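What follows is the content of target_22.pdb (PDB, C-alpha atoms and all ligand atoms).
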```
ATOM      1  CA  MET H   1      19.504  -9.397 -12.435  1.00  0.00           C
ATOM      2  CA  THR H   2      18.570  -6.332 -10.409  1.00  0.00           C
ATOM      3  CA  PRO H   3      16.247  -6.704  -7.398  1.00  0.00           C
ATOM      4  CA  THR H   4      13.525  -5.044  -9.473  1.00  0.00           C
ATOM      5  CA  ASP H   5      13.983  -7.570 -12.300  1.00  0.00           C
ATOM      6  CA  LEU H   6      13.795 -10.475  -9.855  1.00  0.00           C
ATOM      7  CA  LEU H   7      10.558  -9.148  -8.369  1.00  0.00           C
ATOM      8  CA  GLU H   8       9.066  -8.294 -11.746  1.00  0.00           C
ATOM      9  CA  ASN H   9       9.818 -11.783 -13.080  1.00  0.00           C
ATOM     10  CA  ALA H  10       7.957 -13.325 -10.148  1.00  0.00           C
ATOM     11  CA  ILE H  11       4.755 -11.301 -10.589  1.00  0.00           C
ATOM     12  CA  ARG H  12       2.126 -13.345 -12.374  1.00  0.00           C
ATOM     13  CA  THR H  13      -0.341 -11.572 -14.639  1.00  0.00           C
ATOM     14  CA  ILE H  14      -3.807 -13.098 -14.782  1.00  0.00           C
ATOM     15  CA  PRO H  15      -5.926 -11.785 -17.658  1.00  0.00           C
ATOM     16  CA  ASP H  16      -9.607 -11.001 -17.085  1.00  0.00           C
ATOM     17  CA  PHE H  17      -9.540 -11.369 -13.297  1.00  0.00           C
ATOM     18  CA  PRO H  18     -11.669 -10.529 -11.359  1.00  0.00           C
ATOM     19  CA  GLU H  19     -13.572  -9.229 -14.394  1.00  0.00           C
ATOM     20  CA  PRO H  20     -13.080  -9.004 -18.150  1.00  0.00           C
ATOM     21  CA  GLY H  21     -10.448  -6.454 -19.215  1.00  0.00           C
ATOM     22  CA  ILE H  22      -8.483  -6.402 -15.935  1.00  0.00           C
ATOM     23  CA  GLN H  23      -4.874  -7.650 -15.993  1.00  0.00           C
ATOM     24  CA  PHE H  24      -4.531  -8.781 -12.391  1.00  0.00           C
ATOM     25  CA  ARG H  25      -0.978  -8.505 -11.037  1.00  0.00           C
ATOM     26  CA  ASP H  26      -0.610 -11.437  -8.656  1.00  0.00           C
ATOM     27  CA  ILE H  27       2.085 -10.914  -6.028  1.00  0.00           C
ATOM     28  CA  THR H  28       1.568 -14.245  -4.210  1.00  0.00           C
ATOM     29  CA  PRO H  29       4.625 -15.840  -5.928  1.00  0.00           C
ATOM     30  CA  ILE H  30       6.760 -13.153  -4.231  1.00  0.00           C
ATOM     31  CA  LEU H  31       5.230 -13.923  -0.843  1.00  0.00           C
ATOM     32  CA  GLY H  32       5.749 -17.642  -1.323  1.00  0.00           C
ATOM     33  CA  ASP H  33       9.505 -17.307  -1.881  1.00  0.00           C
ATOM     34  CA  ALA H  34      11.425 -16.344   1.259  1.00  0.00           C
ATOM     35  CA  LYS H  35      14.239 -14.624  -0.671  1.00  0.00           C
ATOM     36  CA  LEU H  36      11.901 -12.621  -2.913  1.00  0.00           C
ATOM     37  CA  PHE H  37       9.686 -11.617  -0.011  1.00  0.00           C
ATOM     38  CA  GLU H  38      12.739 -10.377   1.871  1.00  0.00           C
ATOM     39  CA  LEU H  39      13.957  -8.559  -1.245  1.00  0.00           C
ATOM     40  CA  ALA H  40      10.601  -6.792  -1.599  1.00  0.00           C
ATOM     41  CA  ILE H  41      10.722  -5.656   2.023  1.00  0.00           C
ATOM     42  CA  ASP H  42      14.371  -4.565   1.620  1.00  0.00           C
ATOM     43  CA  GLN H  43      13.323  -2.376  -1.294  1.00  0.00           C
ATOM     44  CA  ILE H  44      10.307  -0.911   0.503  1.00  0.00           C
ATOM     45  CA  ILE H  45      12.369   0.155   3.510  1.00  0.00           C
ATOM     46  CA  SER H  46      15.580   1.020   1.635  1.00  0.00           C
ATOM     47  CA  PRO H  47      15.560   4.826   2.237  1.00  0.00           C
ATOM     48  CA  TYR H  48      15.017   4.399   5.982  1.00  0.00           C
ATOM     49  CA  SER H  49      16.825   3.322   9.131  1.00  0.00           C
ATOM     50  CA  THR H  50      15.462   2.448  12.537  1.00  0.00           C
ATOM     51  CA  GLY H  51      13.995   5.576  14.118  1.00  0.00           C
ATOM     52  CA  ASP H  52      13.116   7.285  10.829  1.00  0.00           C
ATOM     53  CA  VAL H  53       9.559   5.923  10.788  1.00  0.00           C
ATOM     54  CA  ASP H  54       7.151   5.781  13.745  1.00  0.00           C
ATOM     55  CA  GLN H  55       4.254   3.974  12.068  1.00  0.00           C
ATOM     56  CA  VAL H  56       3.914   1.962   8.909  1.00  0.00           C
ATOM     57  CA  VAL H  57       0.334   2.148   7.640  1.00  0.00           C
ATOM     58  CA  GLY H  58      -0.894  -0.706   5.436  1.00  0.00           C
ATOM     59  CA  ILE H  59      -4.022  -0.714   3.298  1.00  0.00           C
ATOM     60  CA  ASP H  60      -6.465  -3.663   3.393  1.00  0.00           C
ATOM     61  CA  ALA H  61      -5.525  -6.352   2.496  1.00  0.00           C
ATOM     62  CA  ARG H  62      -2.224  -6.907   0.646  1.00  0.00           C
ATOM     63  CA  GLY H  63      -0.827  -3.708   2.158  1.00  0.00           C
ATOM     64  CA  PHE H  64      -1.016  -5.485   5.525  1.00  0.00           C
ATOM     65  CA  ILE H  65       1.415  -8.169   4.408  1.00  0.00           C
ATOM     66  CA  PHE H  66       4.128  -5.849   3.092  1.00  0.00           C
ATOM     67  CA  GLY H  67       3.412  -3.125   5.645  1.00  0.00           C
ATOM     68  CA  ALA H  68       3.625  -5.388   8.701  1.00  0.00           C
ATOM     69  CA  ALA H  69       6.906  -6.940   7.571  1.00  0.00           C
ATOM     70  CA  ALA H  70       8.333  -3.469   6.821  1.00  0.00           C
ATOM     71  CA  ALA H  71       7.224  -2.220  10.258  1.00  0.00           C
ATOM     72  CA  LEU H  72       9.042  -5.057  12.014  1.00  0.00           C
ATOM     73  CA  ARG H  73      12.230  -4.344  10.086  1.00  0.00           C
ATOM     74  CA  LEU H  74      12.056  -0.612  10.885  1.00  0.00           C
ATOM     75  CA  GLN H  75      11.097  -1.255  14.511  1.00  0.00           C
ATOM     76  CA  ALA H  76       8.025   0.861  13.837  1.00  0.00           C
ATOM     77  CA  GLY H  77       4.403   0.296  14.813  1.00  0.00           C
ATOM     78  CA  PHE H  78       1.884  -0.970  12.286  1.00  0.00           C
ATOM     79  CA  THR H  79      -1.517   0.607  11.661  1.00  0.00           C
ATOM     80  CA  PRO H  80      -4.154  -1.014   9.447  1.00  0.00           C
ATOM     81  CA  ILE H  81      -6.504   0.971   7.234  1.00  0.00           C
ATOM     82  CA  ARG H  82      -9.426  -1.377   6.777  1.00  0.00           C
ATOM     83  CA  LYS H  83     -12.570  -1.632   4.741  1.00  0.00           C
ATOM     84  CA  LYS H  84     -15.512   0.028   6.471  1.00  0.00           C
ATOM     85  CA  GLY H  85     -17.188  -1.959   9.235  1.00  0.00           C
ATOM     86  CA  LYS H  86     -14.169  -4.047  10.280  1.00  0.00           C
ATOM     87  CA  LEU H  87     -12.452  -1.887  12.904  1.00  0.00           C
ATOM     88  CA  PRO H  88     -14.029  -2.221  16.359  1.00  0.00           C
ATOM     89  CA  PHE H  89     -13.184   1.143  18.006  1.00  0.00           C
ATOM     90  CA  LYS H  90     -14.089   4.720  16.911  1.00  0.00           C
ATOM     91  CA  THR H  91     -13.071   5.383  13.332  1.00  0.00           C
ATOM     92  CA  TYR H  92     -12.627   8.068  10.718  1.00  0.00           C
ATOM     93  CA  GLU H  93     -13.857   7.045   7.290  1.00  0.00           C
ATOM     94  CA  ALA H  94     -13.078   8.149   3.745  1.00  0.00           C
ATOM     95  CA  SER H  95     -14.956   7.158   0.584  1.00  0.00           C
ATOM     96  CA  TYR H  96     -13.834   7.080  -3.017  1.00  0.00           C
ATOM     97  CA  ASP H  97     -15.506   6.270  -6.313  1.00  0.00           C
ATOM     98  CA  LEU H  98     -14.977   3.039  -8.212  1.00  0.00           C
ATOM     99  CA  GLU H  99     -15.977   2.442 -11.809  1.00  0.00           C
ATOM    100  CA  TYR H 100     -19.281   1.184 -10.448  1.00  0.00           C
ATOM    101  CA  GLY H 101     -20.270   2.410  -6.988  1.00  0.00           C
ATOM    102  CA  SER H 102     -17.907   3.431  -4.218  1.00  0.00           C
ATOM    103  CA  ASN H 103     -15.696   2.080  -1.434  1.00  0.00           C
ATOM    104  CA  THR H 104     -15.172   3.266   2.119  1.00  0.00           C
ATOM    105  CA  ILE H 105     -12.052   2.710   4.220  1.00  0.00           C
ATOM    106  CA  ALA H 106     -11.483   3.466   7.885  1.00  0.00           C
ATOM    107  CA  ILE H 107      -8.802   4.037  10.503  1.00  0.00           C
ATOM    108  CA  HIS H 108      -9.030   4.067  14.289  1.00  0.00           C
ATOM    109  CA  THR H 109      -9.216   7.661  15.558  1.00  0.00           C
ATOM    110  CA  ASP H 110      -6.399   7.012  18.045  1.00  0.00           C
ATOM    111  CA  ALA H 111      -4.159   4.959  15.737  1.00  0.00           C
ATOM    112  CA  ILE H 112      -1.574   7.649  15.100  1.00  0.00           C
ATOM    113  CA  GLN H 113      -0.255  10.374  17.361  1.00  0.00           C
ATOM    114  CA  GLU H 114      -0.202  13.882  15.926  1.00  0.00           C
ATOM    115  CA  GLY H 115       3.113  14.536  14.145  1.00  0.00           C
ATOM    116  CA  SER H 116       4.110  10.859  13.954  1.00  0.00           C
ATOM    117  CA  LYS H 117       6.312   9.974  11.001  1.00  0.00           C
ATOM    118  CA  VAL H 118       4.276   7.668   8.828  1.00  0.00           C
ATOM    119  CA  LEU H 119       5.021   5.486   5.797  1.00  0.00           C
ATOM    120  CA  LEU H 120       1.993   4.382   3.749  1.00  0.00           C
ATOM    121  CA  VAL H 121       2.351   0.963   2.069  1.00  0.00           C
ATOM    122  CA  ASP H 122       0.208  -0.922  -0.438  1.00  0.00           C
ATOM    123  CA  ASP H 123       0.889  -3.562  -3.059  1.00  0.00           C
ATOM    124  CA  LEU H 124      -0.329  -1.676  -6.109  1.00  0.00           C
ATOM    125  CA  LEU H 125      -1.157   1.858  -7.258  1.00  0.00           C
ATOM    126  CA  ALA H 126      -3.848   1.804  -9.949  1.00  0.00           C
ATOM    127  CA  THR H 127      -6.213   4.808 -10.201  1.00  0.00           C
ATOM    128  CA  GLY H 128      -4.948   6.096  -6.849  1.00  0.00           C
ATOM    129  CA  GLY H 129      -8.445   6.298  -5.350  1.00  0.00           C
ATOM    130  CA  THR H 130      -7.615   3.967  -2.470  1.00  0.00           C
ATOM    131  CA  ALA H 131      -4.313   5.643  -1.647  1.00  0.00           C
ATOM    132  CA  ALA H 132      -5.784   9.164  -1.914  1.00  0.00           C
ATOM    133  CA  ALA H 133      -8.509   8.183   0.563  1.00  0.00           C
ATOM    134  CA  ALA H 134      -5.892   6.623   2.873  1.00  0.00           C
ATOM    135  CA  LEU H 135      -3.816   9.821   2.748  1.00  0.00           C
ATOM    136  CA  SER H 136      -6.891  11.895   3.616  1.00  0.00           C
ATOM    137  CA  LEU H 137      -7.341   9.753   6.751  1.00  0.00           C
ATOM    138  CA  LEU H 138      -3.694  10.226   7.723  1.00  0.00           C
ATOM    139  CA  LYS H 139      -3.969  13.986   7.210  1.00  0.00           C
ATOM    140  CA  ARG H 140      -7.046  14.031   9.408  1.00  0.00           C
ATOM    141  CA  LEU H 141      -4.923  12.485  12.170  1.00  0.00           C
ATOM    142  CA  ASN H 142      -2.228  15.125  11.531  1.00  0.00           C
ATOM    143  CA  ALA H 143       0.380  12.514  10.690  1.00  0.00           C
ATOM    144  CA  ASP H 144       3.702  13.579   9.201  1.00  0.00           C
ATOM    145  CA  ILE H 145       3.443  11.520   5.991  1.00  0.00           C
ATOM    146  CA  LEU H 146       6.950  10.724   4.751  1.00  0.00           C
ATOM    147  CA  GLU H 147       6.023   8.859   1.589  1.00  0.00           C
ATOM    148  CA  SER H 148       3.639   6.386   0.045  1.00  0.00           C
ATOM    149  CA  VAL H 149       5.304   3.277  -1.373  1.00  0.00           C
ATOM    150  CA  PHE H 150       3.876   0.610  -3.659  1.00  0.00           C
ATOM    151  CA  LEU H 151       5.368  -2.559  -5.074  1.00  0.00           C
ATOM    152  CA  ILE H 152       3.612  -1.983  -8.408  1.00  0.00           C
ATOM    153  CA  GLU H 153       2.376   1.074 -10.315  1.00  0.00           C
ATOM    154  CA  LEU H 154       0.058   0.920 -13.318  1.00  0.00           C
ATOM    155  CA  ASP H 155       1.385   3.985 -15.152  1.00  0.00           C
ATOM    156  CA  ALA H 156      -1.477   4.398 -17.608  1.00  0.00           C
ATOM    157  CA  LEU H 157      -3.970   5.000 -14.800  1.00  0.00           C
ATOM    158  CA  LYS H 158      -2.026   8.032 -13.525  1.00  0.00           C
ATOM    159  CA  GLY H 159      -2.725   7.264  -9.887  1.00  0.00           C
ATOM    160  CA  ARG H 160       0.219   9.278  -8.602  1.00  0.00           C
ATOM    161  CA  ALA H 161      -1.349  12.482  -9.908  1.00  0.00           C
ATOM    162  CA  ARG H 162      -4.095  12.009  -7.304  1.00  0.00           C
ATOM    163  CA  LEU H 163      -1.719  11.809  -4.355  1.00  0.00           C
ATOM    164  CA  GLY H 164      -0.919  15.527  -4.158  1.00  0.00           C
ATOM    165  CA  ALA H 165       2.309  16.623  -2.549  1.00  0.00           C
ATOM    166  CA  VAL H 166       3.083  13.359  -0.759  1.00  0.00           C
ATOM    167  CA  PRO H 167       6.109  11.690  -2.392  1.00  0.00           C
ATOM    168  CA  VAL H 168       5.293   8.453  -4.225  1.00  0.00           C
ATOM    169  CA  ARG H 169       7.799   5.624  -4.694  1.00  0.00           C
ATOM    170  CA  THR H 170       7.082   2.471  -6.671  1.00  0.00           C
ATOM    171  CA  LEU H 171       9.329  -0.506  -7.333  1.00  0.00           C
ATOM    172  CA  ILE H 172       7.866  -1.890 -10.569  1.00  0.00           C
ATOM    173  CA  SER H 173       5.829  -0.134 -13.279  1.00  0.00           C
ATOM    174  CA  TYR H 174       3.583  -1.527 -15.973  1.00  0.00           C
TER
HETATM  175  P1  LIG F   1      -6.774   2.019  -6.984  1.00  0.00           P
HETATM  176  O1  LIG F   1      -7.619   2.559  -5.878  1.00  0.00           O
HETATM  177  O2  LIG F   1      -7.463   2.078  -8.311  1.00  0.00           O
HETATM  178  O3  LIG F   1      -5.394   2.646  -7.017  1.00  0.00           O
HETATM  179  O4  LIG F   1      -6.601   0.463  -6.720  1.00  0.00           O
HETATM  180  C1  LIG F   1      -5.651   0.017  -5.831  1.00  0.00           C
HETATM  181  C2  LIG F   1      -6.075  -1.235  -5.100  1.00  0.00           C
HETATM  182  O5  LIG F   1      -6.757  -2.163  -5.947  1.00  0.00           O
HETATM  183  C3  LIG F   1      -4.847  -1.917  -4.573  1.00  0.00           C
HETATM  184  O6  LIG F   1      -5.047  -2.157  -3.184  1.00  0.00           O
HETATM  185  C4  LIG F   1      -4.711  -3.193  -5.362  1.00  0.00           C
HETATM  186  O7  LIG F   1      -4.516  -4.264  -4.490  1.00  0.00           O
HETATM  187  C5  LIG F   1      -6.008  -3.351  -6.148  1.00  0.00           C
HETATM  188  N1  LIG F   1      -5.790  -3.461  -7.611  1.00  0.00           N
HETATM  189  C6  LIG F   1      -6.213  -2.567  -8.538  1.00  0.00           C
HETATM  190  N2  LIG F   1      -5.884  -2.952  -9.782  1.00  0.00           N
HETATM  191  C7  LIG F   1      -5.230  -4.122  -9.660  1.00  0.00           C
HETATM  192  C8  LIG F   1      -4.601  -5.028 -10.584  1.00  0.00           C
HETATM  193  N3  LIG F   1      -4.587  -4.815 -11.910  1.00  0.00           N
HETATM  194  N4  LIG F   1      -3.985  -6.136 -10.091  1.00  0.00           N
HETATM  195  C9  LIG F   1      -3.976  -6.366  -8.754  1.00  0.00           C
HETATM  196  N5  LIG F   1      -4.544  -5.565  -7.835  1.00  0.00           N
HETATM  197  C10 LIG F   1      -5.172  -4.454  -8.263  1.00  0.00           C
END
```
Could you spell out this file's structure in structure tokens?
Amino acid sequence: MTPTDLLENAIRTIPDFPEPGIQFRDITPILGDAKLFELAIDQIISPYSTGDVDQVVGIDARGFIFGAAAALRLQAGFTPIRKKGKLPFKTYEASYDLEYGSNTIAIHTDAIQEGSKVLLVDDLLATGGTAAAALSLLKRLNADILESVFLIELDALKGRARLGAVPVRTLISY
């Protein structure tokens, strides 16, 4: 089996969670298996060597898990993008619309030096609203955004179309 097949087989789909009609893609079985977790990180960092990436940026909350492990492997720093109200220092914020209401995410204003080479990581690309907002924060900090990478992409929602010119790489598509 290919690495992608092994990861795909481990993802558990939970129907109607957290609300009716949503097929929730549960990645916790990957995290719980040392070999699969390592395989996922191997795949996320595969195009890069030490020195290629200055900061890995992870999106609240599952992006922290994959992003932090990837940062360690690349000997890069890790920067969290968090839900509004969680970061203690000065922040930039970006909002995006949800089906009902909106969400706001934030980054520390001094998290990333201008021109730093940044890799954006999250577990799943759905509508792309979260990732598009995260990219707007990174652009505001004048980061050199190498790529955004996701374990899972939900093709039908066309999230990648919202991410502009930044390259998008995903490991598994549904
Ligand atoms: P979006 O902004 O629509 O691209 O949503 C992406 C975020 O929502 C990611 O951080 C995911 O963790 C979460 N998410 C959205 N849809 C799902 C799903 N079907 N299964 C698991 N997580 C999801």
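Within 9 Å of Ile11 in chain H, once only C-alpha atoms are used and residues closer than 6 positions along the same chain are dropped, the contacting residues are Arg25, Asp26, Ile27, Thr28, Pro29 and Ile30 of chain H.
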Contact table chain H vs ligand LIG 1 (chain F), cut-off 10 Å, shortest pair per residue, only C-alpha atoms and all ligand atoms, as a tab-separated table:
```
residue	atom	partner	partner_atom	distance
H:Arg12	CA	F:LIG1	N4	9.7
H:Thr13	CA	F:LIG1	N4	8.0
H:Ile14	CA	F:LIG1	N4	8.4
H:Pro15	CA	F:LIG1	N3	9.1
H:Asp16	CA	F:LIG1	N3	9.5
H:Phe17	CA	F:LIG1	N4	8.3
H:Pro18	CA	F:LIG1	N4	8.9
H:Gly21	CA	F:LIG1	N3	9.5
H:Ile22	CA	F:LIG1	N3	5.8
H:Gln23	CA	F:LIG1	N3	5.0
H:Phe24	CA	F:LIG1	N4	3.5
H:Arg25	CA	F:LIG1	N4	3.9
H:Asp26	CA	F:LIG1	C9	6.1
H:Ile27	CA	F:LIG1	C9	8.1
H:Gly58	CA	F:LIG1	O6	9.7
H:Ile59	CA	F:LIG1	O6	6.7
H:Asp60	CA	F:LIG1	O6	6.9
H:Ala61	CA	F:LIG1	O6	7.1
H:Arg62	CA	F:LIG1	O7	6.2
H:Gly63	CA	F:LIG1	O6	7.0
H:Tyr96	CA	F:LIG1	O1	8.2
H:Asp97	CA	F:LIG1	O1	8.7
H:Leu98	CA	F:LIG1	O2	7.6
H:Glu99	CA	F:LIG1	O2	9.2
H:Asn103	CA	F:LIG1	O1	9.2
H:Val121	CA	F:LIG1	O6	9.6
H:Asp122	CA	F:LIG1	O6	6.1
H:Asp123	CA	F:LIG1	O7	5.6
H:Leu124	CA	F:LIG1	C4	4.7
H:Leu125	CA	F:LIG1	O3	4.3
H:Ala126	CA	F:LIG1	O3	3.4
H:Thr127	CA	F:LIG1	O2	3.5
H:Gly128	CA	F:LIG1	O3	3.5
H:Gly129	CA	F:LIG1	O1	3.9
H:Thr130	CA	F:LIG1	O1	3.7
H:Ala131	CA	F:LIG1	O1	6.2
H:Ala132	CA	F:LIG1	O1	7.9
H:Ala133	CA	F:LIG1	O1	8.6
H:Ala134	CA	F:LIG1	O1	9.8
H:Phe150	CA	F:LIG1	C3	9.1
H:Ile152	CA	F:LIG1	C9	8.8
H:Glu153	CA	F:LIG1	O3	8.6
H:Leu154	CA	F:LIG1	N3	7.5
H:Leu157	CA	F:LIG1	O2	7.9
H:Lys158	CA	F:LIG1	O3	9.1
H:Gly159	CA	F:LIG1	O3	6.1
H:Arg160	CA	F:LIG1	O3	8.8
H:Arg162	CA	F:LIG1	O3	9.5
H:Tyr174	CA	F:LIG1	N3	9.7
```
Keeping C-alpha atoms for every residue in the selection just given, could you write it to a file as a short mmCIF file (atom, residue, chain, number, x, y, z; two decimals), in the coordinates of the input?
```
data_model
loop_
_atom_site.label_atom_id
_atom_site.label_comp_id
_atom_site.auth_asym_id
_atom_site.auth_seq_id
_atom_site.Cartn_x
_atom_site.Cartn_y
_atom_site.Cartn_z
CA ARG H 12 2.13 -13.34 -12.37
CA THR H 13 -0.34 -11.57 -14.64
CA ILE H 14 -3.81 -13.10 -14.78
CA PRO H 15 -5.93 -11.78 -17.66
CA ASP H 16 -9.61 -11.00 -17.08
CA PHE H 17 -9.54 -11.37 -13.30
CA PRO H 18 -11.67 -10.53 -11.36
CA GLY H 21 -10.45 -6.45 -19.22
CA ILE H 22 -8.48 -6.40 -15.94
CA GLN H 23 -4.87 -7.65 -15.99
CA PHE H 24 -4.53 -8.78 -12.39
CA ARG H 25 -0.98 -8.51 -11.04
CA ASP H 26 -0.61 -11.44 -8.66
CA ILE H 27 2.08 -10.91 -6.03
CA GLY H 58 -0.89 -0.71 5.44
CA ILE H 59 -4.02 -0.71 3.30
CA ASP H 60 -6.46 -3.66 3.39
CA ALA H 61 -5.52 -6.35 2.50
CA ARG H 62 -2.22 -6.91 0.65
CA GLY H 63 -0.83 -3.71 2.16
CA TYR H 96 -13.83 7.08 -3.02
CA ASP H 97 -15.51 6.27 -6.31
CA LEU H 98 -14.98 3.04 -8.21
CA GLU H 99 -15.98 2.44 -11.81
CA ASN H 103 -15.70 2.08 -1.43
CA VAL H 121 2.35 0.96 2.07
CA ASP H 122 0.21 -0.92 -0.44
CA ASP H 123 0.89 -3.56 -3.06
CA LEU H 124 -0.33 -1.68 -6.11
CA LEU H 125 -1.16 1.86 -7.26
CA ALA H 126 -3.85 1.80 -9.95
CA THR H 127 -6.21 4.81 -10.20
CA GLY H 128 -4.95 6.10 -6.85
CA GLY H 129 -8.44 6.30 -5.35
CA THR H 130 -7.62 3.97 -2.47
CA ALA H 131 -4.31 5.64 -1.65
CA ALA H 132 -5.78 9.16 -1.91
CA ALA H 133 -8.51 8.18 0.56
CA ALA H 134 -5.89 6.62 2.87
CA PHE H 150 3.88 0.61 -3.66
CA ILE H 152 3.61 -1.98 -8.41
CA GLU H 153 2.38 1.07 -10.32
CA LEU H 154 0.06 0.92 -13.32
CA LEU H 157 -3.97 5.00 -14.80
CA LYS H 158 -2.03 8.03 -13.52
CA GLY H 159 -2.72 7.26 -9.89
CA ARG H 160 0.22 9.28 -8.60
CA ARG H 162 -4.10 12.01 -7.30
CA TYR H 174 3.58 -1.53 -15.97
#
```
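The residues that lie within 7 Å of the point (-14.0, 7.2, 14.7), counting all atoms listed in the file, are Phe89, Lys90, Thr91, Tyr92, His108 and Thr109 of chain H.
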Check your understanding: Which residues match the PyMOL selection byres (((chain H and resi 135-139) around 9) and not hetatm) in the file above, as a VMD selection string?
Key -> chain H and resid 81 92 to 94 105 to 107 112 118 120 130 to 134 140 to 145 148 163 166
Restricting the output to C-alpha atoms, write the selected residues as a CSV table (one decimal), in the frame of the given file.
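Done, and the output landed in out29.csv:
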```csv
chain,number,residue,atom,x,y,z
H,81,ILE,CA,-6.5,1.0,7.2
H,92,TYR,CA,-12.6,8.1,10.7
H,93,GLU,CA,-13.9,7.0,7.3
H,94,ALA,CA,-13.1,8.1,3.7
H,105,ILE,CA,-12.1,2.7,4.2
H,106,ALA,CA,-11.5,3.5,7.9
H,107,ILE,CA,-8.8,4.0,10.5
H,112,ILE,CA,-1.6,7.6,15.1
H,118,VAL,CA,4.3,7.7,8.8
H,120,LEU,CA,2.0,4.4,3.7
H,130,THR,CA,-7.6,4.0,-2.5
H,131,ALA,CA,-4.3,5.6,-1.6
H,132,ALA,CA,-5.8,9.2,-1.9
H,133,ALA,CA,-8.5,8.2,0.6
H,134,ALA,CA,-5.9,6.6,2.9
H,140,ARG,CA,-7.0,14.0,9.4
H,141,LEU,CA,-4.9,12.5,12.2
H,142,ASN,CA,-2.2,15.1,11.5
H,143,ALA,CA,0.4,12.5,10.7
H,144,ASP,CA,3.7,13.6,9.2
H,145,ILE,CA,3.4,11.5,6.0
H,148,SER,CA,3.6,6.4,0.0
H,163,LEU,CA,-1.7,11.8,-4.4
H,166,VAL,CA,3.1,13.4,-0.8
```
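The residue that comes closest to Leu39 in chain H, out of H:Thr2, H:Ser102, H:Ser116, H:Ser173 and on the basis of all atoms listed in the file, is H:Thr2.
Among the candidates H:Leu7, H:Leu119, H:Gln43, H:Leu31, the residue lying nearest to Gly67 in chain H is H:Leu119 (atoms considered: all atoms listed in the file).
Using all atoms listed in the file, the smallest distance between any of H:Ile41, H:Ile65, H:Val53, H:Leu36 and Ala10 in chain H comes from H:Leu36.
The space separating CA of Ile44 in chain H from CA of Ala70 in chain H comes to 7.1 Å.
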Exercise for review: Apply the PyMOL selection byres (((chain H and resi 79) around 8) and not hetatm) to the displayed file and report the matching residues as JSON, numbers by chain.
Suggested key: {"H": [55, 56, 57, 58, 77, 78, 80, 81, 111, 112]}
Would you put the residues from that selection into a file with C-alpha atoms, as a JSON list (two decimals), in the frame of the given file?
```json
[["chain", "number", "residue", "atom", "x", "y", "z"],
["H", 55, "GLN", "CA", 4.25, 3.97, 12.07],
["H", 56, "VAL", "CA", 3.91, 1.96, 8.91],
["H", 57, "VAL", "CA", 0.33, 2.15, 7.64],
["H", 58, "GLY", "CA", -0.89, -0.71, 5.44],
["H", 77, "GLY", "CA", 4.40, 0.30, 14.81],
["H", 78, "PHE", "CA", 1.88, -0.97, 12.29],
["H", 80, "PRO", "CA", -4.15, -1.01, 9.45],
["H", 81, "ILE", "CA", -6.50, 0.97, 7.23],
["H", 111, "ALA", "CA", -4.16, 4.96, 15.74],
["H", 112, "ILE", "CA", -1.57, 7.65, 15.10]]
```
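CA of Thr170 in chain H lies 12.1 Å from CA of Glu8 in chain H.
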Revision key, fill the gap. Using all atoms listed in the file, the shortest atom-to-atom distance to Glu38 in chain H among H:Phe64, H:Gly51, H:Leu6, H:Lys84 belongs to H:Leu6
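The coordinates place CA of Thr50 in chain H at 9.7 Å from CA of Ala71 in chain H.
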